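Enquirer: My file is upload_16.cif. It has mmCIF, C-alpha atoms:
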```cif
data_model
loop_
_atom_site.group_PDB
_atom_site.id
_atom_site.type_symbol
_atom_site.label_atom_id
_atom_site.label_comp_id
_atom_site.auth_asym_id
_atom_site.auth_seq_id
_atom_site.Cartn_x
_atom_site.Cartn_y
_atom_site.Cartn_z
ATOM 1 C CA MET E 1 -12.557 -23.817 -22.936
ATOM 2 C CA SER E 2 -13.174 -21.694 -19.935
ATOM 3 C CA ALA E 3 -12.954 -18.668 -22.231
ATOM 4 C CA HIS E 4 -16.419 -19.527 -23.643
ATOM 5 C CA ARG E 5 -18.031 -19.776 -20.222
ATOM 6 C CA PRO E 6 -20.023 -16.634 -19.304
ATOM 7 C CA LEU E 7 -18.312 -14.687 -16.549
ATOM 8 C CA ALA E 8 -20.039 -14.611 -13.180
ATOM 9 C CA PRO E 9 -20.901 -11.112 -11.940
ATOM 10 C CA THR E 10 -18.360 -9.870 -9.447
ATOM 11 C CA GLY E 11 -18.054 -7.122 -6.836
ATOM 12 C CA ARG E 12 -20.178 -4.067 -7.609
ATOM 13 C CA ALA E 13 -22.174 -5.860 -10.334
ATOM 14 C CA GLN E 14 -23.262 -8.506 -7.825
ATOM 15 C CA ARG E 15 -24.343 -5.824 -5.341
ATOM 16 C CA ARG E 16 -26.371 -4.049 -8.021
ATOM 17 C CA ALA E 17 -28.157 -7.295 -8.759
ATOM 18 C CA HIS E 18 -29.680 -7.324 -5.248
ATOM 19 C CA PRO E 19 -31.322 -3.938 -4.641
ATOM 20 C CA ILE E 20 -33.699 -5.367 -2.040
ATOM 21 C CA ARG E 21 -30.817 -6.826 -0.066
ATOM 22 C CA SER E 22 -29.015 -3.464 -0.252
ATOM 23 C CA ALA E 23 -32.130 -1.587 0.850
ATOM 24 C CA VAL E 24 -32.590 -3.932 3.824
ATOM 25 C CA ALA E 25 -28.925 -3.501 4.793
ATOM 26 C CA VAL E 26 -29.195 0.309 4.616
ATOM 27 C CA ALA E 27 -32.414 0.270 6.651
ATOM 28 C CA ALA E 28 -30.834 -2.027 9.256
ATOM 29 C CA CYS E 29 -27.819 0.307 9.516
ATOM 30 C CA GLY E 30 -30.167 3.268 9.921
ATOM 31 C CA VAL E 31 -32.047 1.547 12.724
ATOM 32 C CA TYR E 32 -28.741 0.591 14.381
ATOM 33 C CA CYS E 33 -27.476 4.200 14.174
ATOM 34 C CA TRP E 34 -30.738 5.563 15.591
ATOM 35 C CA ALA E 35 -30.757 3.022 18.437
ATOM 36 C CA THR E 36 -27.089 3.545 19.310
ATOM 37 C CA ALA E 37 -27.503 7.341 19.238
ATOM 38 C CA GLY E 38 -30.095 6.978 22.013
ATOM 39 C CA LEU E 39 -27.696 5.286 24.431
ATOM 40 C CA ARG E 40 -25.987 7.117 27.288
ATOM 41 C CA PRO E 41 -22.207 7.603 27.185
ATOM 42 C CA PHE E 42 -20.059 5.988 29.876
ATOM 43 C CA THR E 43 -22.330 2.925 29.935
ATOM 44 C CA VAL E 44 -21.765 -0.656 28.779
ATOM 45 C CA PRO E 45 -24.498 -0.562 26.071
ATOM 46 C CA ILE E 46 -22.884 2.400 24.243
ATOM 47 C CA ASP E 47 -19.453 0.783 24.627
ATOM 48 C CA VAL E 48 -20.801 -2.319 22.907
ATOM 49 C CA GLY E 49 -22.734 -0.222 20.364
ATOM 50 C CA VAL E 50 -19.528 1.502 19.222
ATOM 51 C CA ALA E 51 -17.147 -1.442 19.626
ATOM 52 C CA LEU E 52 -19.286 -3.893 17.633
ATOM 53 C CA PRO E 53 -19.229 -2.094 14.242
ATOM 54 C CA ALA E 54 -15.600 -1.087 14.828
ATOM 55 C CA ALA E 55 -14.720 -4.755 15.319
ATOM 56 C CA VAL E 56 -16.678 -5.782 12.205
ATOM 57 C CA VAL E 57 -14.918 -3.137 10.088
ATOM 58 C CA GLY E 58 -11.563 -4.154 11.597
ATOM 59 C CA VAL E 59 -12.052 -7.829 10.796
ATOM 60 C CA LEU E 60 -13.305 -7.121 7.253
ATOM 61 C CA ALA E 61 -10.446 -4.680 6.631
ATOM 62 C CA LEU E 62 -7.699 -7.017 7.772
ATOM 63 C CA TRP E 63 -9.140 -10.398 6.786
ATOM 64 C CA GLY E 64 -6.961 -11.695 3.969
ATOM 65 C CA SER E 65 -5.759 -8.209 3.113
ATOM 66 C CA GLY E 66 -2.167 -9.468 2.908
ATOM 67 C CA ASP E 67 -2.829 -10.645 -0.649
ATOM 68 C CA ARG E 68 -3.799 -7.122 -1.641
ATOM 69 C CA ASP E 69 -0.768 -5.412 -0.140
ATOM 70 C CA VAL E 70 0.554 -4.344 -3.500
ATOM 71 C CA PRO E 71 1.749 -0.758 -3.832
ATOM 72 C CA PRO E 72 -0.564 1.664 -5.649
ATOM 73 C CA ALA E 73 0.172 2.332 -9.316
ATOM 74 C CA ALA E 74 2.839 4.965 -9.937
ATOM 75 C CA GLU E 75 0.270 7.531 -11.136
ATOM 76 C CA ASN E 76 -1.640 7.091 -7.858
ATOM 77 C CA GLN E 77 1.381 7.795 -5.677
ATOM 78 C CA PRO E 78 1.907 11.357 -4.470
ATOM 79 C CA THR E 79 4.790 13.460 -5.683
ATOM 80 C CA LEU E 80 6.063 16.616 -4.017
ATOM 81 C CA ARG E 81 4.037 18.649 -6.502
ATOM 82 C CA ASN E 82 0.610 16.978 -6.264
ATOM 83 C CA GLY E 83 0.855 15.695 -2.673
ATOM 84 C CA ALA E 84 1.974 18.955 -1.044
ATOM 85 C CA PRO E 85 -1.422 20.698 -1.390
ATOM 86 C CA TRP E 86 -3.137 17.869 0.507
ATOM 87 C CA VAL E 87 -0.497 17.983 3.227
ATOM 88 C CA ALA E 88 -0.983 21.767 3.378
ATOM 89 C CA VAL E 89 -4.785 21.417 3.685
ATOM 90 C CA PHE E 90 -4.584 18.944 6.563
ATOM 91 C CA GLY E 91 -1.703 20.853 8.181
ATOM 92 C CA LEU E 92 -3.695 24.099 8.063
ATOM 93 C CA LEU E 93 -6.743 22.363 9.488
ATOM 94 C CA ALA E 94 -4.690 20.931 12.361
ATOM 95 C CA GLU E 95 -3.106 24.310 13.045
ATOM 96 C CA TRP E 96 -6.418 26.195 12.939
ATOM 97 C CA GLU E 97 -7.981 23.592 15.251
ATOM 98 C CA ALA E 98 -5.045 23.846 17.673
ATOM 99 C CA LEU E 99 -5.270 27.637 17.654
ATOM 100 C CA ALA E 100 -8.980 27.472 18.497
ATOM 101 C CA TYR E 101 -8.348 24.817 21.159
ATOM 102 C CA VAL E 102 -5.894 26.965 23.132
ATOM 103 C CA SER E 103 -8.074 30.082 22.818
ATOM 104 C CA SER E 104 -11.053 31.002 24.935
ATOM 105 C CA PRO E 105 -13.948 31.372 25.386
ATOM 106 C CA ARG E 106 -14.981 28.282 23.438
ATOM 107 C CA ARG E 107 -18.056 30.056 22.048
ATOM 108 C CA ASN E 108 -15.807 32.503 20.196
ATOM 109 C CA HIS E 109 -13.241 29.876 19.236
ATOM 110 C CA PRO E 110 -15.156 26.714 18.288
ATOM 111 C CA THR E 111 -13.131 23.557 17.722
ATOM 112 C CA LEU E 112 -14.201 20.625 15.541
ATOM 113 C CA SER E 113 -15.096 18.738 18.737
ATOM 114 C CA SER E 114 -17.248 21.569 20.079
ATOM 115 C CA MET E 115 -19.022 21.865 16.715
ATOM 116 C CA ALA E 116 -19.579 18.098 16.731
ATOM 117 C CA ASN E 117 -21.011 18.416 20.258
ATOM 118 C CA THR E 118 -23.418 21.097 19.038
ATOM 119 C CA ALA E 119 -24.504 18.846 16.165
ATOM 120 C CA MET E 120 -24.923 15.961 18.619
ATOM 121 C CA ALA E 121 -27.206 17.904 20.949
ATOM 122 C CA THR E 122 -30.172 16.178 19.315
ATOM 123 C CA HIS E 123 -30.886 12.489 18.805
ATOM 124 C CA ALA E 124 -31.099 12.948 15.022
ATOM 125 C CA GLY E 125 -27.761 14.787 14.971
ATOM 126 C CA ARG E 126 -26.082 12.052 16.985
ATOM 127 C CA ALA E 127 -27.540 9.361 14.720
ATOM 128 C CA ALA E 128 -26.382 11.254 11.600
ATOM 129 C CA LEU E 129 -22.836 11.707 12.917
ATOM 130 C CA PHE E 130 -22.710 8.056 13.996
ATOM 131 C CA ALA E 131 -23.787 7.047 10.464
ATOM 132 C CA ILE E 132 -21.101 9.311 8.964
ATOM 133 C CA TRP E 133 -18.491 7.721 11.242
ATOM 134 C CA LEU E 134 -19.587 4.231 10.150
ATOM 135 C CA LEU E 135 -19.592 5.242 6.463
ATOM 136 C CA LEU E 136 -16.103 6.714 6.848
ATOM 137 C CA GLY E 137 -14.763 3.468 8.316
ATOM 138 C CA TRP E 138 -16.527 1.348 5.712
ATOM 139 C CA GLY E 139 -15.377 3.565 2.838
ATOM 140 C CA LEU E 140 -11.778 3.798 4.014
ATOM 141 C CA PHE E 141 -11.078 0.277 5.139
ATOM 142 C CA VAL E 142 -13.637 -2.128 3.640
ATOM 143 C CA ARG E 143 -14.792 -0.671 0.323
ATOM 144 C CA HIS E 144 -11.256 0.430 -0.601
ATOM 145 C CA GLU E 145 -10.017 -3.058 0.139
ATOM 146 C CA ALA E 146 -12.795 -4.716 -1.842
ATOM 147 C CA ARG E 147 -11.912 -2.567 -4.840
ATOM 148 C CA GLY E 148 -8.302 -3.639 -4.508
ATOM 149 C CA MET Z 149 -16.072 40.637 12.175
ATOM 150 C CA SER Z 150 -16.504 38.762 15.481
ATOM 151 C CA GLN Z 151 -13.951 36.234 16.733
ATOM 152 C CA ARG Z 152 -16.488 33.440 16.276
ATOM 153 C CA ALA Z 153 -17.199 34.422 12.672
ATOM 154 C CA LEU Z 154 -13.471 34.683 11.982
ATOM 155 C CA THR Z 155 -12.816 31.192 13.391
ATOM 156 C CA LEU Z 156 -15.692 29.692 11.394
ATOM 157 C CA ALA Z 157 -14.523 31.538 8.267
ATOM 158 C CA GLY Z 158 -11.111 29.924 8.697
ATOM 159 C CA TYR Z 159 -12.633 26.425 8.742
ATOM 160 C CA ALA Z 160 -14.789 27.332 5.715
ATOM 161 C CA ALA Z 161 -11.763 28.648 3.803
ATOM 162 C CA ILE Z 162 -9.794 25.453 4.457
ATOM 163 C CA ALA Z 163 -12.767 23.300 3.411
ATOM 164 C CA SER Z 164 -13.246 25.397 0.286
ATOM 165 C CA GLY Z 165 -9.575 25.016 -0.591
ATOM 166 C CA ALA Z 166 -9.905 21.248 -0.249
ATOM 167 C CA VAL Z 167 -13.020 21.177 -2.463
ATOM 168 C CA VAL Z 168 -11.348 23.351 -5.132
ATOM 169 C CA TYR Z 169 -8.178 21.234 -5.177
ATOM 170 C CA GLN Z 170 -10.232 18.024 -5.242
ATOM 171 C CA SER Z 171 -12.149 19.354 -8.263
ATOM 172 C CA VAL Z 172 -8.917 20.299 -10.043
ATOM 173 C CA THR Z 173 -7.300 16.915 -9.436
ATOM 174 C CA TRP Z 174 -10.491 15.096 -10.426
ATOM 175 C CA VAL Z 175 -10.717 16.959 -13.734
ATOM 176 C CA ARG Z 176 -7.001 16.427 -14.441
ATOM 177 C CA HIS Z 177 -7.105 12.754 -13.341
ATOM 178 C CA SER Z 178 -4.363 13.632 -10.889
ATOM 179 C CA LEU Z 179 -3.954 12.821 -7.189
ATOM 180 C CA THR Z 180 -7.480 13.148 -5.775
ATOM 181 C CA LEU Z 181 -8.144 12.959 -2.053
ATOM 182 C CA GLY Z 182 -9.343 9.375 -2.516
ATOM 183 C CA ARG Z 183 -6.100 8.333 -4.214
ATOM 184 C CA PHE Z 184 -4.042 10.218 -1.627
ATOM 185 C CA VAL Z 185 -5.879 8.491 1.237
ATOM 186 C CA ARG Z 186 -5.572 5.117 -0.483
ATOM 187 C CA TRP Z 187 -1.816 5.641 -0.702
ATOM 188 C CA LEU Z 188 -1.759 6.871 2.904
ATOM 189 C CA ILE Z 189 -3.372 3.702 4.273
ATOM 190 C CA TRP Z 190 -1.565 1.312 1.946
ATOM 191 C CA GLY Z 191 0.221 -1.507 3.787
ATOM 192 C CA ARG Z 192 -0.949 -3.500 6.785
ATOM 193 C CA ALA Z 193 0.859 -1.452 9.445
ATOM 194 C CA ARG Z 194 -0.492 1.883 8.215
ATOM 195 C CA ARG Z 195 -3.974 0.418 7.757
ATOM 196 C CA VAL Z 196 -4.007 -0.861 11.342
ATOM 197 C CA LEU Z 197 -2.805 2.539 12.580
ATOM 198 C CA PHE Z 198 -5.546 4.444 10.732
ATOM 199 C CA LEU Z 199 -8.116 1.824 11.747
ATOM 200 C CA LEU Z 200 -7.225 2.399 15.395
ATOM 201 C CA GLY Z 201 -7.478 6.161 14.856
ATOM 202 C CA TRP Z 202 -10.931 5.778 13.316
ATOM 203 C CA ALA Z 203 -12.076 3.501 16.162
ATOM 204 C CA TRP Z 204 -10.729 5.968 18.738
ATOM 205 C CA LEU Z 205 -12.647 8.818 17.041
ATOM 206 C CA GLY Z 206 -15.908 6.899 17.369
ATOM 207 C CA TRP Z 207 -15.126 6.012 20.958
ATOM 208 C CA HIS Z 208 -14.223 9.626 21.790
ATOM 209 C CA LEU Z 209 -17.322 11.113 20.147
ATOM 210 C CA PHE Z 210 -20.014 8.596 21.039
ATOM 211 C CA ALA Z 211 -18.978 6.392 23.966
ATOM 212 C CA ARG Z 212 -17.147 9.116 25.904
ATOM 213 C CA GLY Z 213 -18.667 12.260 24.384
ATOM 214 C CA ASN Z 214 -19.905 15.147 26.517
ATOM 215 C CA ALA Z 215 -22.714 16.477 24.329
ATOM 216 C CA THR Z 216 -26.303 16.744 25.519
ATOM 217 C CA PHE Z 217 -27.534 13.227 25.974
ATOM 218 C CA PRO Z 218 -30.968 11.659 26.111
ATOM 219 C CA GLY Z 219 -32.575 11.010 29.428
#
```
Hey, can you dump this file as structure tokens for me?
Expert:
Amino acid sequence: MSAHRPLAPTGRAQRRAHPIRSAVAVAACGVYCWATAGLRPFTVPIDVGVALPAAVVGVLALWGSGDRDVPPAAENQPTLRNGAPWVAVFGLLAEWEALAYVSSPRRNHPTLSSMANTAMATHAGRAALFAIWLLLGWGLFVRHEARG
Amino acid sequence: MSQRALTLAGYAAIASGAVVYQSVTWVRHSLTLGRFVRWLIWGRARRVLFLLGWAWLGWHLFARGNATFPG
């Protein structure tokens, strides 16, 4: 009997059905990023500004995730052959970063942190990097989880 | 080639390698970066570990960063 009942939209389909809600959420995130990027480091407001979204992502990522703790399908698990290149890429990046870190002067040997600092010299740059950090957390821990 | 250009070229080469391999795996429906990361953070303990790493990164860059700040 339930087979004849039309299926309710789920997940991505539901989100697509509310473009205005999505636009408002994106705009609110943009405003939040811009406002947080204007706060001074080593102060309580910036501590709260960073901790708040981190806590939200943490709660959403871990809330009820025990039900979804099933191992990835066999074809999505790395083997020595297809996983090694990714390990090599991140290993090389770590080694190159470490080499730059122990070298001087910093201007001639920029690290990822020093390049991030250069990008964050302006309010817009700080807001953009803050948005990227939020998107990374959302994409890794919330959106992945929602997709199962 | 200056030291600075050489260092930046190294980062660019690594990033290019990642983009090329991602394209290859995407075309072959093999282990893309997304699938690799999903496997990497699979399981509650690993997820919590990576979550803490992500939170620390934000804290390090924005709450305790030393870039040029407003005011």
Enquirer: How would you write, as a PyMOL selection string, the residues chosen by the PyMOL selection byres ((chain Z and resi 210) around 10) on this structure?
Expert: (chain E and resi 36-37+39-42+46-47+49-50+117+120+126-127+129-130+133) or (chain Z and resi 204-209+211-215)
Enquirer: Give the residues of chain Z that lie within 7 Å of chain E; count only C-alpha atoms, and format the answer as a list in words.
Expert: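 Filtering chain Z at 7 Å from chain E with only C-alpha atoms gives Gln151, Arg152, Thr155, Ile162, Ala166, Leu179, Arg183, Phe184, Trp187, Trp190, Gly191, Leu199, Trp202, Ala203, Gly206, Trp207, Phe210, Ala211, Arg212, Gly213, Ala215, Thr216, Phe217 and Pro218 of chain Z.
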Enquirer: Using all atoms of stretch 34-45 of chain E that appear in the file, construct an axis-aligned enclosing box with 6 Å of padding on every side and provide its centre coordinates and edge lengths in Å, rounded to one decimal, as lines of an AutoDock Vina configuration file.
Expert:
```
center_x = -25.4
center_y = 3.5
center_z = 22.8
size_x = 22.7
size_y = 20.3
size_z = 26.3
```
Enquirer: To one decimal place in Å, what is the distance between atom CA of Z:Val196 and atom CA of E:Arg143?
Expert: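 Atom CA of Z:Val196 sits 15.4 Å away from atom CA of E:Arg143.
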Enquirer: May I ask for the distance between atom CA of E:Ala74 and atom CA of Z:Gly165, given in Å to one decimal place?
Expert: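 Computed distance, atom CA of E:Ala74 to atom CA of Z:Gly165, equals 25.4 Å.
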Enquirer: For stretch 129-141 of chain E of the block above, can you save all heavy atoms as a PDB file, in the first residue's frame?
Expert:
```
ATOM      1  N   LEU E 129      39.147  33.669   3.316  1.00  0.00           N
ATOM      2  CA  LEU E 129      39.778  32.488   3.904  1.00  0.00           C
ATOM      3  C   LEU E 129      38.913  31.891   5.014  1.00  0.00           C
ATOM      4  O   LEU E 129      38.845  30.676   5.180  1.00  0.00           O
ATOM      5  CB  LEU E 129      41.167  32.835   4.447  1.00  0.00           C
ATOM      6  CG  LEU E 129      42.312  32.749   3.441  1.00  0.00           C
ATOM      7  CD1 LEU E 129      43.647  32.949   4.126  1.00  0.00           C
ATOM      8  CD2 LEU E 129      42.326  31.415   2.721  1.00  0.00           C
ATOM      9  N   PHE E 130      38.244  32.763   5.777  1.00  0.00           N
ATOM     10  CA  PHE E 130      37.346  32.273   6.828  1.00  0.00           C
ATOM     11  C   PHE E 130      36.195  31.476   6.193  1.00  0.00           C
ATOM     12  O   PHE E 130      35.818  30.409   6.691  1.00  0.00           O
ATOM     13  CB  PHE E 130      36.802  33.455   7.651  1.00  0.00           C
ATOM     14  CG  PHE E 130      36.061  33.038   8.888  1.00  0.00           C
ATOM     15  CD1 PHE E 130      36.754  32.589  10.007  1.00  0.00           C
ATOM     16  CD2 PHE E 130      34.677  33.082   8.946  1.00  0.00           C
ATOM     17  CE1 PHE E 130      36.071  32.185  11.153  1.00  0.00           C
ATOM     18  CE2 PHE E 130      33.993  32.687  10.093  1.00  0.00           C
ATOM     19  CZ  PHE E 130      34.693  32.240  11.193  1.00  0.00           C
ATOM     20  N   ALA E 131      35.672  31.995   5.063  1.00  0.00           N
ATOM     21  CA  ALA E 131      34.583  31.293   4.368  1.00  0.00           C
ATOM     22  C   ALA E 131      35.074  29.938   3.838  1.00  0.00           C
ATOM     23  O   ALA E 131      34.351  28.937   3.915  1.00  0.00           O
ATOM     24  CB  ALA E 131      34.053  32.163   3.221  1.00  0.00           C
ATOM     25  N   ILE E 132      36.302  29.920   3.317  1.00  0.00           N
ATOM     26  CA  ILE E 132      36.865  28.657   2.807  1.00  0.00           C
ATOM     27  C   ILE E 132      37.017  27.651   3.947  1.00  0.00           C
ATOM     28  O   ILE E 132      36.710  26.468   3.807  1.00  0.00           O
ATOM     29  CB  ILE E 132      38.215  28.918   2.100  1.00  0.00           C
ATOM     30  CG1 ILE E 132      37.973  29.656   0.783  1.00  0.00           C
ATOM     31  CG2 ILE E 132      38.968  27.618   1.848  1.00  0.00           C
ATOM     32  CD1 ILE E 132      39.229  30.176   0.123  1.00  0.00           C
ATOM     33  N   TRP E 133      37.471  28.149   5.102  1.00  0.00           N
ATOM     34  CA  TRP E 133      37.622  27.263   6.273  1.00  0.00           C
ATOM     35  C   TRP E 133      36.270  26.678   6.689  1.00  0.00           C
ATOM     36  O   TRP E 133      36.145  25.470   6.954  1.00  0.00           O
ATOM     37  CB  TRP E 133      38.256  28.044   7.431  1.00  0.00           C
ATOM     38  CG  TRP E 133      38.330  27.283   8.709  1.00  0.00           C
ATOM     39  CD1 TRP E 133      39.151  26.230   8.991  1.00  0.00           C
ATOM     40  CD2 TRP E 133      37.539  27.501   9.886  1.00  0.00           C
ATOM     41  NE1 TRP E 133      38.918  25.786  10.266  1.00  0.00           N
ATOM     42  CE2 TRP E 133      37.941  26.546  10.840  1.00  0.00           C
ATOM     43  CE3 TRP E 133      36.538  28.420  10.231  1.00  0.00           C
ATOM     44  CZ2 TRP E 133      37.372  26.482  12.115  1.00  0.00           C
ATOM     45  CZ3 TRP E 133      35.978  28.356  11.498  1.00  0.00           C
ATOM     46  CH2 TRP E 133      36.392  27.392  12.420  1.00  0.00           C
ATOM     47  N   LEU E 134      35.240  27.540   6.702  1.00  0.00           N
ATOM     48  CA  LEU E 134      33.894  27.059   7.064  1.00  0.00           C
ATOM     49  C   LEU E 134      33.381  26.039   6.038  1.00  0.00           C
ATOM     50  O   LEU E 134      32.837  24.999   6.413  1.00  0.00           O
ATOM     51  CB  LEU E 134      32.915  28.237   7.126  1.00  0.00           C
ATOM     52  CG  LEU E 134      32.894  29.062   8.400  1.00  0.00           C
ATOM     53  CD1 LEU E 134      31.815  30.138   8.304  1.00  0.00           C
ATOM     54  CD2 LEU E 134      32.632  28.188   9.617  1.00  0.00           C
ATOM     55  N   LEU E 135      33.578  26.351   4.749  1.00  0.00           N
ATOM     56  CA  LEU E 135      33.130  25.437   3.687  1.00  0.00           C
ATOM     57  C   LEU E 135      33.842  24.093   3.789  1.00  0.00           C
ATOM     58  O   LEU E 135      33.230  23.044   3.572  1.00  0.00           O
ATOM     59  CB  LEU E 135      33.399  26.054   2.310  1.00  0.00           C
ATOM     60  CG  LEU E 135      32.340  27.014   1.793  1.00  0.00           C
ATOM     61  CD1 LEU E 135      32.822  27.674   0.510  1.00  0.00           C
ATOM     62  CD2 LEU E 135      31.032  26.284   1.530  1.00  0.00           C
ATOM     63  N   LEU E 136      35.138  24.138   4.114  1.00  0.00           N
ATOM     64  CA  LEU E 136      35.907  22.898   4.264  1.00  0.00           C
ATOM     65  C   LEU E 136      35.307  22.037   5.375  1.00  0.00           C
ATOM     66  O   LEU E 136      35.080  20.837   5.190  1.00  0.00           O
ATOM     67  CB  LEU E 136      37.371  23.234   4.578  1.00  0.00           C
ATOM     68  CG  LEU E 136      38.322  22.045   4.711  1.00  0.00           C
ATOM     69  CD1 LEU E 136      38.556  21.402   3.347  1.00  0.00           C
ATOM     70  CD2 LEU E 136      39.659  22.496   5.299  1.00  0.00           C
ATOM     71  N   GLY E 137      35.041  22.644   6.519  1.00  0.00           N
ATOM     72  CA  GLY E 137      34.464  21.906   7.643  1.00  0.00           C
ATOM     73  C   GLY E 137      33.089  21.364   7.301  1.00  0.00           C
ATOM     74  O   GLY E 137      32.770  20.201   7.578  1.00  0.00           O
ATOM     75  N   TRP E 138      32.272  22.193   6.659  1.00  0.00           N
ATOM     76  CA  TRP E 138      30.921  21.773   6.297  1.00  0.00           C
ATOM     77  C   TRP E 138      30.979  20.622   5.287  1.00  0.00           C
ATOM     78  O   TRP E 138      30.279  19.612   5.418  1.00  0.00           O
ATOM     79  CB  TRP E 138      30.149  22.967   5.710  1.00  0.00           C
ATOM     80  CG  TRP E 138      28.720  22.664   5.453  1.00  0.00           C
ATOM     81  CD1 TRP E 138      28.164  22.211   4.296  1.00  0.00           C
ATOM     82  CD2 TRP E 138      27.649  22.757   6.394  1.00  0.00           C
ATOM     83  NE1 TRP E 138      26.821  22.025   4.452  1.00  0.00           N
ATOM     84  CE2 TRP E 138      26.477  22.354   5.724  1.00  0.00           C
ATOM     85  CE3 TRP E 138      27.571  23.165   7.720  1.00  0.00           C
ATOM     86  CZ2 TRP E 138      25.238  22.328   6.346  1.00  0.00           C
ATOM     87  CZ3 TRP E 138      26.335  23.139   8.350  1.00  0.00           C
ATOM     88  CH2 TRP E 138      25.193  22.727   7.666  1.00  0.00           C
ATOM     89  N   GLY E 139      31.839  20.791   4.271  1.00  0.00           N
ATOM     90  CA  GLY E 139      31.950  19.770   3.226  1.00  0.00           C
ATOM     91  C   GLY E 139      32.487  18.451   3.754  1.00  0.00           C
ATOM     92  O   GLY E 139      32.011  17.382   3.378  1.00  0.00           O
ATOM     93  N   LEU E 140      33.481  18.534   4.642  1.00  0.00           N
ATOM     94  CA  LEU E 140      34.111  17.308   5.140  1.00  0.00           C
ATOM     95  C   LEU E 140      33.242  16.566   6.132  1.00  0.00           C
ATOM     96  O   LEU E 140      33.112  15.343   6.075  1.00  0.00           O
ATOM     97  CB  LEU E 140      35.444  17.643   5.821  1.00  0.00           C
ATOM     98  CG  LEU E 140      36.677  17.848   4.944  1.00  0.00           C
ATOM     99  CD1 LEU E 140      37.869  18.206   5.809  1.00  0.00           C
ATOM    100  CD2 LEU E 140      36.963  16.608   4.132  1.00  0.00           C
ATOM    101  N   PHE E 141      32.652  17.321   7.063  1.00  0.00           N
ATOM    102  CA  PHE E 141      32.037  16.648   8.209  1.00  0.00           C
ATOM    103  C   PHE E 141      30.513  16.646   8.215  1.00  0.00           C
ATOM    104  O   PHE E 141      29.903  15.800   8.834  1.00  0.00           O
ATOM    105  CB  PHE E 141      32.552  17.277   9.519  1.00  0.00           C
ATOM    106  CG  PHE E 141      34.039  17.280   9.605  1.00  0.00           C
ATOM    107  CD1 PHE E 141      34.765  18.441   9.516  1.00  0.00           C
ATOM    108  CD2 PHE E 141      34.732  16.087   9.771  1.00  0.00           C
ATOM    109  CE1 PHE E 141      36.146  18.440   9.575  1.00  0.00           C
ATOM    110  CE2 PHE E 141      36.111  16.063   9.831  1.00  0.00           C
ATOM    111  CZ  PHE E 141      36.821  17.246   9.739  1.00  0.00           C
TER     112      PHE E 141
END
```
